[in-house]
Amino acid sequence: MLDKIHGHQTITEHLKKEILTGGVSHAYLFSGIDGVGKKKTALEFAKSLLCMSAENRPCGHCSVCSQIDHGNHPDVQVITPKQGETTIKIIQVREMVSGLSIKPYTGNQRMIIIDGADRLTPEAQNSLLKSLEEPLSYNLFVLLTSHPQTILNTIRSRCQSYYFHPLDNDLVAEILKEETDYDKEAIEEVLHQSGGSPGMGIYLLENSEIQVERKHYLRDLYSLLKGDELKVFSLAENLSKDKAMSEEILGFFIQWFYEVGLLLQGLELPGGEIPDQAHVAYLKLLSYEKNQAILKTLFDMMATLQYNVNLRLQWEKTFIKIMKTQKGYN
Ligand SMILES: [Zn+2]
C-alpha cells in the first residue's frame with residue numbers, strides 16, 4: 001500500500017495506518033514544492049481506499065485502479081484552474097459542492113483533490129469551507145499546495161496537514177532515470193535546479209530553454225539589486241510578454257529567495273544541493289531581513305496574479321519595492 005511513492009515515508013506510513021485502522025480524516029492538506037509527489041500520493045491514497053481487490057490494495061489493475069490512473073473515476077475528482085485560467089473560481093467549487101450529497105458511485109468513499117488550493121479565489125475558499133465544516137462521512141478532501149500560507153486559517157485548521165519535504169538529489173536522479181528516457185548527463189544537468197522535486201526535474205528536462213531563461217532573469221535581478229535601476233523596466237517589460245512564463249519565473253524567484261534565506265540562516269539547501277556561484281553572489285548581497293522582505297514582496301505579487309492585473313505595471317511595482325528594500329528605504 002502506497003509503496004509506489006518515492007520518499008515521504010513518514011507520510012505514507014501514517015496514511016497506511018489510518019486506512020488499516022479505519023481512521024481516515026475527512027480533510028487533508030498536502031503542502032510542499034511543486035512536483036515533489038503530493039498529487040501522486042493523493043491518487044495512490046484514493047486507490048488504496050477504493051481498489052476492488054480483496055488483498056494487496058491497491059492492486060493497480062482492477063477497473064477502479066485503472067480508472068483512477070486514467071483520471072476518469074467518477075468518485076475521484078481533481079479540481080484545478082480551468083485551461084487558460086490562473087485561479088480556481090467559485091463556480092467550480094459550487095459545481096463540486098452540488099454533487100457532494102450524492103452517495104459515491106462505486107464504493108463508500110469519494111475523494112476530491114484540489115490541485116493548487118492556493119489558487120482558490122477567496123470566495124471559492126469560503127464556499128469550500130462550508131463543506132469542510134459539515135462533512136459527510138463519505139466525502140474526503142485532499143488539498144494540494146506549494147504555498148500553504150496563502151490558504152485561509154479556517155480551512156487549514158480543518159485539515160490534517162502533511163508537509164512533503166524536498167527529496168534528496170540521489171532519489172530525484174533515480175526517479176528521473178526510471179520515469180524518463182533522458183541519459184545520465186542530461187539528468188545530472190537539471191538535478192541541481194530541481195530543488196529536490198522530481199516533477200520539476202522532468203519539467204526542466206522537457207523544457208531545456210527554461211533553464212537558460214531562469215539564469216538570464218536571475219542575472220538581471222542581481223544587477224538590479226546591485227543598483228542598476230533601469231533593470232526595473234526591462235525586466236518588467238520582458239516578464240509581461242507571456243503570462244505563463246511570467247508565473248513560471250515568479251515561482252522560480254520565490255524558490256530562489258527561499259533557498260537564499262535558508263543559506264543566510266546557515267541551513268542546507270533542499271535535497272542537499274550544493275550552493276552554486278549565483279547562490280553565493282546573492283548571499284553576499286543580502287541580509288536575512290532584506291531577503292525575507294523580498295520574498296514577501298514576491299508572494300504579494302503572486303497573490304495579485306489571480307486578478308486580471310496589468311502584468312507590466314505589477315512587475316514594475318514589485319521590482320521597485322525590491323530595489324527599495326535592498327537600498328534600505330523601507
Ligand atoms: Zn485495484
# chains A, B, ... in the order shown; residues from 1 in each chain; ligands from 1
call {"tool": "residues_near_ligand", "arguments": {"ligand": "ligand 1", "cutoff": "12 Å", "atoms": "only C-alpha atoms and all ligand atoms", "output": "PDB file with N, CA and C atoms, in the first residue's frame"}}
result
ATOM      1  N   MET A   1       0.841  -1.200   0.000  1.00  0.00           N
ATOM      2  CA  MET A   1       0.000   0.000   0.000  1.00  0.00           C
ATOM      3  C   MET A   1       0.875   1.249   0.000  1.00  0.00           C
ATOM      4  N   GLU A  44      -2.635   7.689  -5.109  1.00  0.00           N
ATOM      5  CA  GLU A  44      -2.378   6.346  -4.558  1.00  0.00           C
ATOM      6  C   GLU A  44      -3.238   6.106  -3.308  1.00  0.00           C
ATOM      7  N   PHE A  45      -3.435   7.164  -2.550  1.00  0.00           N
ATOM      8  CA  PHE A  45      -4.291   7.128  -1.366  1.00  0.00           C
ATOM      9  C   PHE A  45      -5.719   6.779  -1.808  1.00  0.00           C
ATOM     10  N   ALA A  46      -6.186   7.440  -2.861  1.00  0.00           N
ATOM     11  CA  ALA A  46      -7.532   7.166  -3.384  1.00  0.00           C
ATOM     12  C   ALA A  46      -7.640   5.712  -3.827  1.00  0.00           C
ATOM     13  N   LYS A  47      -6.620   5.236  -4.525  1.00  0.00           N
ATOM     14  CA  LYS A  47      -6.638   3.837  -4.993  1.00  0.00           C
ATOM     15  C   LYS A  47      -6.671   2.876  -3.811  1.00  0.00           C
ATOM     16  N   SER A  48      -5.890   3.198  -2.777  1.00  0.00           N
ATOM     17  CA  SER A  48      -5.850   2.316  -1.609  1.00  0.00           C
ATOM     18  C   SER A  48      -7.220   2.222  -0.952  1.00  0.00           C
ATOM     19  N   LEU A  49      -7.972   3.308  -1.002  1.00  0.00           N
ATOM     20  CA  LEU A  49      -9.291   3.316  -0.366  1.00  0.00           C
ATOM     21  C   LEU A  49     -10.358   2.652  -1.231  1.00  0.00           C
ATOM     22  N   LEU A  50     -10.206   2.773  -2.551  1.00  0.00           N
ATOM     23  CA  LEU A  50     -11.309   2.355  -3.429  1.00  0.00           C
ATOM     24  C   LEU A  50     -11.064   1.064  -4.212  1.00  0.00           C
ATOM     25  N   CYS A  51      -9.813   0.599  -4.256  1.00  0.00           N
ATOM     26  CA  CYS A  51      -9.472  -0.592  -5.043  1.00  0.00           C
ATOM     27  C   CYS A  51     -10.409  -1.760  -4.706  1.00  0.00           C
ATOM     28  N   MET A  52     -10.762  -2.534  -5.728  1.00  0.00           N
ATOM     29  CA  MET A  52     -11.733  -3.609  -5.528  1.00  0.00           C
ATOM     30  C   MET A  52     -11.097  -4.935  -5.135  1.00  0.00           C
ATOM     31  N   SER A  53      -9.767  -4.986  -5.198  1.00  0.00           N
ATOM     32  CA  SER A  53      -9.092  -6.246  -4.889  1.00  0.00           C
ATOM     33  C   SER A  53      -9.266  -6.604  -3.398  1.00  0.00           C
ATOM     34  N   ALA A  54      -9.318  -7.898  -3.134  1.00  0.00           N
ATOM     35  CA  ALA A  54      -9.507  -8.336  -1.753  1.00  0.00           C
ATOM     36  C   ALA A  54      -8.226  -8.188  -0.947  1.00  0.00           C
ATOM     37  N   GLU A  55      -7.117  -8.343  -1.611  1.00  0.00           N
ATOM     38  CA  GLU A  55      -5.841  -8.171  -0.901  1.00  0.00           C
ATOM     39  C   GLU A  55      -4.860  -7.356  -1.754  1.00  0.00           C
ATOM     40  N   ASN A  56      -3.770  -6.982  -1.122  1.00  0.00           N
ATOM     41  CA  ASN A  56      -2.760  -6.158  -1.793  1.00  0.00           C
ATOM     42  C   ASN A  56      -3.341  -4.917  -2.454  1.00  0.00           C
ATOM     43  N   ARG A  57      -4.112  -4.168  -1.697  1.00  0.00           N
ATOM     44  CA  ARG A  57      -4.678  -2.940  -2.233  1.00  0.00           C
ATOM     45  C   ARG A  57      -3.683  -1.801  -2.130  1.00  0.00           C
ATOM     46  N   PRO A  58      -3.543  -0.951  -3.143  1.00  0.00           N
ATOM     47  CA  PRO A  58      -4.215  -1.054  -4.431  1.00  0.00           C
ATOM     48  C   PRO A  58      -3.520  -2.068  -5.344  1.00  0.00           C
ATOM     49  N   CYS A  59      -4.337  -2.811  -6.101  1.00  0.00           N
ATOM     50  CA  CYS A  59      -3.773  -3.849  -6.966  1.00  0.00           C
ATOM     51  C   CYS A  59      -3.135  -3.240  -8.208  1.00  0.00           C
ATOM     52  N   GLY A  60      -3.640  -2.086  -8.623  1.00  0.00           N
ATOM     53  CA  GLY A  60      -3.069  -1.419  -9.791  1.00  0.00           C
ATOM     54  C   GLY A  60      -3.669  -1.863 -11.108  1.00  0.00           C
ATOM     55  N   HIS A  61      -4.532  -2.907 -11.095  1.00  0.00           N
ATOM     56  CA  HIS A  61      -5.091  -3.334 -12.385  1.00  0.00           C
ATOM     57  C   HIS A  61      -6.592  -3.583 -12.404  1.00  0.00           C
ATOM     58  N   CYS A  62      -7.276  -3.456 -11.260  1.00  0.00           N
ATOM     59  CA  CYS A  62      -8.737  -3.609 -11.302  1.00  0.00           C
ATOM     60  C   CYS A  62      -9.330  -2.393 -12.025  1.00  0.00           C
ATOM     61  N   SER A  63     -10.635  -2.435 -12.278  1.00  0.00           N
ATOM     62  CA  SER A  63     -11.223  -1.325 -13.052  1.00  0.00           C
ATOM     63  C   SER A  63     -11.117  -0.002 -12.286  1.00  0.00           C
ATOM     64  N   VAL A  64     -11.238  -0.067 -10.964  1.00  0.00           N
ATOM     65  CA  VAL A  64     -11.143   1.164 -10.174  1.00  0.00           C
ATOM     66  C   VAL A  64      -9.728   1.759 -10.276  1.00  0.00           C
ATOM     67  N   CYS A  65      -8.725   0.910 -10.040  1.00  0.00           N
ATOM     68  CA  CYS A  65      -7.338   1.394 -10.117  1.00  0.00           C
ATOM     69  C   CYS A  65      -7.052   2.001 -11.488  1.00  0.00           C
ATOM     70  N   SER A  66      -7.509   1.303 -12.535  1.00  0.00           N
ATOM     71  CA  SER A  66      -7.146   1.809 -13.855  1.00  0.00           C
ATOM     72  C   SER A  66      -7.941   3.076 -14.197  1.00  0.00           C
ATOM     73  N   GLN A  67      -9.180   3.165 -13.710  1.00  0.00           N
ATOM     74  CA  GLN A  67      -9.932   4.417 -13.929  1.00  0.00           C
ATOM     75  C   GLN A  67      -9.251   5.591 -13.218  1.00  0.00           C
ATOM     76  N   ILE A  68      -8.780   5.346 -12.014  1.00  0.00           N
ATOM     77  CA  ILE A  68      -8.103   6.435 -11.289  1.00  0.00           C
ATOM     78  C   ILE A  68      -6.819   6.827 -12.029  1.00  0.00           C
ATOM     79  N   ASP A  69      -6.094   5.805 -12.512  1.00  0.00           N
ATOM     80  CA  ASP A  69      -4.878   6.095 -13.276  1.00  0.00           C
ATOM     81  C   ASP A  69      -5.177   6.943 -14.513  1.00  0.00           C
TER      82      ASP A  69
END
call {"tool": "residues_around", "arguments": {"residues": "stretch 291-308 of chain A", "least_positions_apart": "3", "cutoff": "7 Å", "atoms": "only C-alpha atoms", "output": "mmCIF file with N, CA and C atoms, in the first residue's frame"}}
result
data_model
loop_
_atom_site.group_PDB
_atom_site.id
_atom_site.type_symbol
_atom_site.label_atom_id
_atom_site.label_comp_id
_atom_site.auth_asym_id
_atom_site.auth_seq_id
_atom_site.Cartn_x
_atom_site.Cartn_y
_atom_site.Cartn_z
ATOM 1 N N THR A 86 -5.841 31.237 -14.147
ATOM 2 C CA THR A 86 -4.808 31.038 -13.139
ATOM 3 C C THR A 86 -5.407 30.698 -11.776
ATOM 4 N N THR A 87 -6.735 30.846 -11.650
ATOM 5 C CA THR A 87 -7.343 30.582 -10.343
ATOM 6 C C THR A 87 -8.467 29.558 -10.455
ATOM 7 N N ILE A 254 10.618 32.930 -6.208
ATOM 8 C CA ILE A 254 10.201 32.610 -4.835
ATOM 9 C C ILE A 254 11.042 31.458 -4.283
ATOM 10 N N PHE A 257 14.669 32.851 -3.562
ATOM 11 C CA PHE A 257 14.882 33.615 -2.334
ATOM 12 C C PHE A 257 14.618 32.765 -1.084
ATOM 13 N N GLY A 261 17.406 32.369 1.641
ATOM 14 C CA GLY A 261 17.029 32.534 3.050
ATOM 15 C C GLY A 261 17.552 31.392 3.912
ATOM 16 N N LEU A 286 22.816 40.152 0.301
ATOM 17 C CA LEU A 286 21.596 40.341 1.089
ATOM 18 C C LEU A 286 21.748 39.966 2.560
ATOM 19 N N SER A 287 21.011 40.689 3.404
ATOM 20 C CA SER A 287 20.881 40.257 4.796
ATOM 21 C C SER A 287 19.655 39.354 4.854
ATOM 22 N N TYR A 288 19.519 38.618 5.934
ATOM 23 C CA TYR A 288 18.363 37.735 6.074
ATOM 24 C C TYR A 288 17.057 38.540 6.052
ATOM 25 N N THR A 318 6.657 45.649 -8.196
ATOM 26 C CA THR A 318 7.383 44.620 -7.446
ATOM 27 C C THR A 318 8.890 44.893 -7.455
ATOM 28 N N ILE A 322 11.433 45.851 -4.422
ATOM 29 C CA ILE A 322 12.623 45.036 -4.144
ATOM 30 C C ILE A 322 13.874 45.928 -4.091
#
call {"tool": "residues_around", "arguments": {"residues": "stretch 125-133 of chain A", "least_positions_apart": "2", "cutoff": "7 Å", "atoms": "only C-alpha atoms", "output": "list in words"}}
result
Val93, Leu120, Thr121, Pro122, Glu123, Pro135, Ile155 and Arg158 of chain A
call {"tool": "closest_atom_pairs", "arguments": {"of": "stretch 15-133 of chain A", "to": "stretch 141-145 of chain A", "cutoff": "9 Å", "atoms": "only C-alpha atoms", "output": "CSV"}}
result
residue,atom,partner,partner_atom,distance
A:Ser25,CA,A:Phe141,CA,8.8
A:His26,CA,A:Phe141,CA,6.1
A:Ala27,CA,A:Phe141,CA,4.5
A:Tyr28,CA,A:Val142,CA,4.7
A:Leu29,CA,A:Leu143,CA,4.7
A:Phe30,CA,A:Leu144,CA,4.9
A:Ser31,CA,A:Thr145,CA,4.9
A:Gly32,CA,A:Thr145,CA,6.6
A:Ile33,CA,A:Thr145,CA,7.8
A:Asp34,CA,A:Thr145,CA,7.8
A:Lys38,CA,A:Leu144,CA,6.6
A:Lys39,CA,A:Leu144,CA,7.0
A:Ala42,CA,A:Val142,CA,6.9
A:Arg110,CA,A:Phe141,CA,8.5
A:Met111,CA,A:Phe141,CA,5.8
A:Ile112,CA,A:Phe141,CA,4.8
A:Ile113,CA,A:Val142,CA,4.7
A:Ile114,CA,A:Leu143,CA,4.8
A:Asp115,CA,A:Leu144,CA,5.0
A:Gly116,CA,A:Thr145,CA,5.0
A:Ala117,CA,A:Thr145,CA,5.4
A:Asp118,CA,A:Thr145,CA,5.9
A:Arg119,CA,A:Thr145,CA,8.6
A:Leu132,CA,A:Phe141,CA,8.2
call {"tool": "write_last_selection", "arguments": {"atoms": "C-alpha atoms", "output": "mmCIF file, in the first residue's frame"}}
result
data_model
loop_
_atom_site.group_PDB
_atom_site.id
_atom_site.type_symbol
_atom_site.label_atom_id
_atom_site.label_comp_id
_atom_site.auth_asym_id
_atom_site.auth_seq_id
_atom_site.Cartn_x
_atom_site.Cartn_y
_atom_site.Cartn_z
ATOM 1 C CA SER A 25 -9.714 12.021 8.271
ATOM 2 C CA HIS A 26 -12.162 13.902 6.109
ATOM 3 C CA ALA A 27 -9.729 16.586 5.011
ATOM 4 C CA TYR A 28 -6.013 16.693 4.342
ATOM 5 C CA LEU A 29 -3.631 19.443 3.370
ATOM 6 C CA PHE A 30 -0.586 18.229 1.492
ATOM 7 C CA SER A 31 1.975 21.005 1.171
ATOM 8 C CA GLY A 32 5.423 21.039 -0.397
ATOM 9 C CA ILE A 33 7.142 22.345 -3.517
ATOM 10 C CA ASP A 34 5.635 21.652 -6.943
ATOM 11 C CA LYS A 38 1.780 15.366 -3.411
ATOM 12 C CA LYS A 39 -0.672 14.563 -6.195
ATOM 13 C CA ALA A 42 -3.219 11.631 -3.119
ATOM 14 C CA ARG A 110 -15.421 9.916 -2.654
ATOM 15 C CA MET A 111 -12.176 11.864 -2.910
ATOM 16 C CA ILE A 112 -11.948 15.459 -4.030
ATOM 17 C CA ILE A 113 -8.428 16.565 -4.788
ATOM 18 C CA ILE A 114 -7.915 20.297 -5.081
ATOM 19 C CA ASP A 115 -4.708 20.638 -7.023
ATOM 20 C CA GLY A 116 -3.390 24.137 -6.299
ATOM 21 C CA ALA A 117 -5.519 25.003 -3.264
ATOM 22 C CA ASP A 118 -3.658 28.335 -3.033
ATOM 23 C CA ARG A 119 -5.265 29.196 -6.353
ATOM 24 C CA LEU A 132 -15.314 21.206 5.392
#
call {"tool": "select_by_dssp", "arguments": {"residues": "stretch 53-240 of chain A", "states": "strand (DSSP E)", "output": "list in words"}}
result
Val76, Gln77, Val78, Ile79, Arg110, Met111, Ile112, Ile113, Ile114, Asp115, Asn139, Leu140, Phe141, Val142, Leu143, Leu144, Thr145, Gln160, Ser161, Tyr162 and Tyr163 of chain A
call {"tool": "write_last_selection", "arguments": {"atoms": "N, CA and C atoms", "output": "compact mmCIF listing (two decimals), in the first residue's frame"}}
result
# COMPACT_ATOMS: atom_id res chain seq x y z
N VAL A 76 -13.47 10.09 -7.92
CA VAL A 76 -12.20 10.78 -7.64
C VAL A 76 -12.13 12.00 -8.55
N GLN A 77 -12.36 13.14 -7.97
CA GLN A 77 -12.36 14.37 -8.77
C GLN A 77 -11.10 15.17 -8.49
N VAL A 78 -10.50 15.66 -9.56
CA VAL A 78 -9.35 16.55 -9.39
C VAL A 78 -9.75 17.93 -9.88
N ILE A 79 -9.66 18.90 -9.00
CA ILE A 79 -10.05 20.26 -9.38
C ILE A 79 -8.81 21.12 -9.51
N ARG A 110 -15.69 9.05 -1.50
CA ARG A 110 -15.42 9.92 -2.65
C ARG A 110 -14.23 10.78 -2.28
N MET A 111 -13.31 11.00 -3.21
CA MET A 111 -12.18 11.86 -2.91
C MET A 111 -12.17 13.07 -3.84
N ILE A 112 -12.05 14.24 -3.24
CA ILE A 112 -11.95 15.46 -4.03
C ILE A 112 -10.56 16.03 -3.81
N ILE A 113 -9.79 16.05 -4.88
CA ILE A 113 -8.43 16.57 -4.79
C ILE A 113 -8.42 17.98 -5.36
N ILE A 114 -8.00 18.94 -4.56
CA ILE A 114 -7.91 20.30 -5.08
C ILE A 114 -6.44 20.59 -5.34
N ASP A 115 -6.10 20.53 -6.61
CA ASP A 115 -4.71 20.64 -7.02
C ASP A 115 -4.37 22.12 -7.23
N ASN A 139 -17.30 11.80 2.04
CA ASN A 139 -16.51 12.75 1.25
C ASN A 139 -15.17 13.04 1.91
N LEU A 140 -14.13 12.91 1.12
CA LEU A 140 -12.78 13.11 1.64
C LEU A 140 -12.08 14.15 0.76
N PHE A 141 -11.56 15.18 1.38
CA PHE A 141 -10.88 16.24 0.64
C PHE A 141 -9.38 16.15 0.80
N VAL A 142 -8.67 16.32 -0.30
CA VAL A 142 -7.21 16.44 -0.20
C VAL A 142 -6.82 17.73 -0.92
N LEU A 143 -6.31 18.68 -0.18
CA LEU A 143 -5.89 19.96 -0.76
C LEU A 143 -4.38 19.91 -0.98
N LEU A 144 -3.97 20.25 -2.20
CA LEU A 144 -2.54 20.24 -2.51
C LEU A 144 -2.07 21.68 -2.72
N THR A 145 -0.95 22.01 -2.14
CA THR A 145 -0.46 23.38 -2.32
C THR A 145 1.04 23.50 -2.12
N GLN A 160 -6.01 17.80 8.19
CA GLN A 160 -4.81 17.17 8.74
C GLN A 160 -3.67 17.52 7.78
N SER A 161 -2.62 18.14 8.30
CA SER A 161 -1.56 18.66 7.43
C SER A 161 -0.37 17.73 7.33
N TYR A 162 0.10 17.57 6.12
CA TYR A 162 1.34 16.83 5.90
C TYR A 162 2.26 17.69 5.04
N TYR A 163 3.49 17.84 5.49
CA TYR A 163 4.46 18.58 4.69
C TYR A 163 5.37 17.61 3.94
call {"tool": "closest_residue", "arguments": {"among": "A:Glu268, A:Pro74, A:Ala124, A:Gln193", "to": "A:Thr106", "atoms": "only C-alpha atoms"}}
result
A:Pro74
call {"tool": "residues_around", "arguments": {"residues": "A:Ala278", "least_positions_apart": "4", "cutoff": "12 Å", "atoms": "only C-alpha atoms", "output": "PyMOL selection string"}}
result
chain A and resi 193+214-223+256-257+259-260+274+282-285
call {"tool": "decode", "arguments": {"residues": "stretch 44-127 of chain A", "atoms": "C-alpha atoms", "output": "CSV table (one decimal), in the first residue's frame"}}
result
chain,number,residue,atom,x,y,z
A,44,GLU,CA,-2.4,6.3,-4.6
A,45,PHE,CA,-4.3,7.1,-1.4
A,46,ALA,CA,-7.5,7.2,-3.4
A,47,LYS,CA,-6.6,3.8,-5.0
A,48,SER,CA,-5.9,2.3,-1.6
A,49,LEU,CA,-9.3,3.3,-0.4
A,50,LEU,CA,-11.3,2.4,-3.4
A,51,CYS,CA,-9.5,-0.6,-5.0
A,52,MET,CA,-11.7,-3.6,-5.5
A,53,SER,CA,-9.1,-6.2,-4.9
A,54,ALA,CA,-9.5,-8.3,-1.8
A,55,GLU,CA,-5.8,-8.2,-0.9
A,56,ASN,CA,-2.8,-6.2,-1.8
A,57,ARG,CA,-4.7,-2.9,-2.2
A,58,PRO,CA,-4.2,-1.1,-4.4
A,59,CYS,CA,-3.8,-3.8,-7.0
A,60,GLY,CA,-3.1,-1.4,-9.8
A,61,HIS,CA,-5.1,-3.3,-12.4
A,62,CYS,CA,-8.7,-3.6,-11.3
A,63,SER,CA,-11.2,-1.3,-13.1
A,64,VAL,CA,-11.1,1.2,-10.2
A,65,CYS,CA,-7.3,1.4,-10.1
A,66,SER,CA,-7.1,1.8,-13.9
A,67,GLN,CA,-9.9,4.4,-13.9
A,68,ILE,CA,-8.1,6.4,-11.3
A,69,ASP,CA,-4.9,6.1,-13.3
A,70,HIS,CA,-6.7,7.4,-16.3
A,71,GLY,CA,-8.3,10.2,-14.4
A,72,ASN,CA,-11.9,9.1,-15.1
A,73,HIS,CA,-13.1,7.5,-11.9
A,74,PRO,CA,-16.5,9.2,-11.0
A,75,ASP,CA,-15.7,9.3,-7.3
A,76,VAL,CA,-12.2,10.8,-7.6
A,77,GLN,CA,-12.4,14.4,-8.8
A,78,VAL,CA,-9.3,16.5,-9.4
A,79,ILE,CA,-10.1,20.3,-9.4
A,80,THR,CA,-7.5,22.6,-11.0
A,81,PRO,CA,-7.8,26.0,-12.6
A,82,LYS,CA,-9.6,25.7,-15.9
A,83,GLN,CA,-7.5,25.9,-19.0
A,84,GLY,CA,-6.2,29.5,-19.6
A,85,GLU,CA,-7.2,30.5,-16.1
A,86,THR,CA,-4.8,31.0,-13.1
A,87,THR,CA,-7.3,30.6,-10.3
A,88,ILE,CA,-10.0,28.1,-9.2
A,89,LYS,CA,-13.2,30.1,-9.4
A,90,ILE,CA,-16.2,29.9,-7.1
A,91,ILE,CA,-18.3,28.4,-9.9
A,92,GLN,CA,-16.1,25.3,-10.0
A,93,VAL,CA,-16.3,24.9,-6.2
A,94,ARG,CA,-20.1,25.3,-6.3
A,95,GLU,CA,-20.4,22.7,-9.1
A,96,MET,CA,-18.3,20.3,-7.0
A,97,VAL,CA,-20.3,21.0,-3.8
A,98,SER,CA,-23.6,20.4,-5.5
A,99,GLY,CA,-22.5,16.8,-6.1
A,100,LEU,CA,-21.3,16.1,-2.6
A,101,SER,CA,-24.7,15.0,-1.2
A,102,ILE,CA,-25.0,12.2,-3.8
A,103,LYS,CA,-23.6,8.9,-2.5
A,104,PRO,CA,-20.4,7.7,-4.2
A,105,TYR,CA,-21.0,5.6,-7.3
A,106,THR,CA,-18.7,2.7,-6.7
A,107,GLY,CA,-17.6,2.4,-3.1
A,108,ASN,CA,-18.2,4.1,0.1
A,109,GLN,CA,-15.8,6.9,-0.4
A,110,ARG,CA,-15.4,9.9,-2.7
A,111,MET,CA,-12.2,11.9,-2.9
A,112,ILE,CA,-11.9,15.5,-4.0
A,113,ILE,CA,-8.4,16.6,-4.8
A,114,ILE,CA,-7.9,20.3,-5.1
A,115,ASP,CA,-4.7,20.6,-7.0
A,116,GLY,CA,-3.4,24.1,-6.3
A,117,ALA,CA,-5.5,25.0,-3.3
A,118,ASP,CA,-3.7,28.3,-3.0
A,119,ARG,CA,-5.3,29.2,-6.4
A,120,LEU,CA,-8.8,29.1,-5.0
A,121,THR,CA,-10.1,32.7,-5.0
A,122,PRO,CA,-11.1,34.0,-1.6
A,123,GLU,CA,-14.8,33.5,-2.5
A,124,ALA,CA,-14.1,29.9,-3.6
A,125,GLN,CA,-12.2,29.2,-0.3
A,126,ASN,CA,-15.2,30.4,1.7
A,127,SER,CA,-17.5,28.2,-0.4
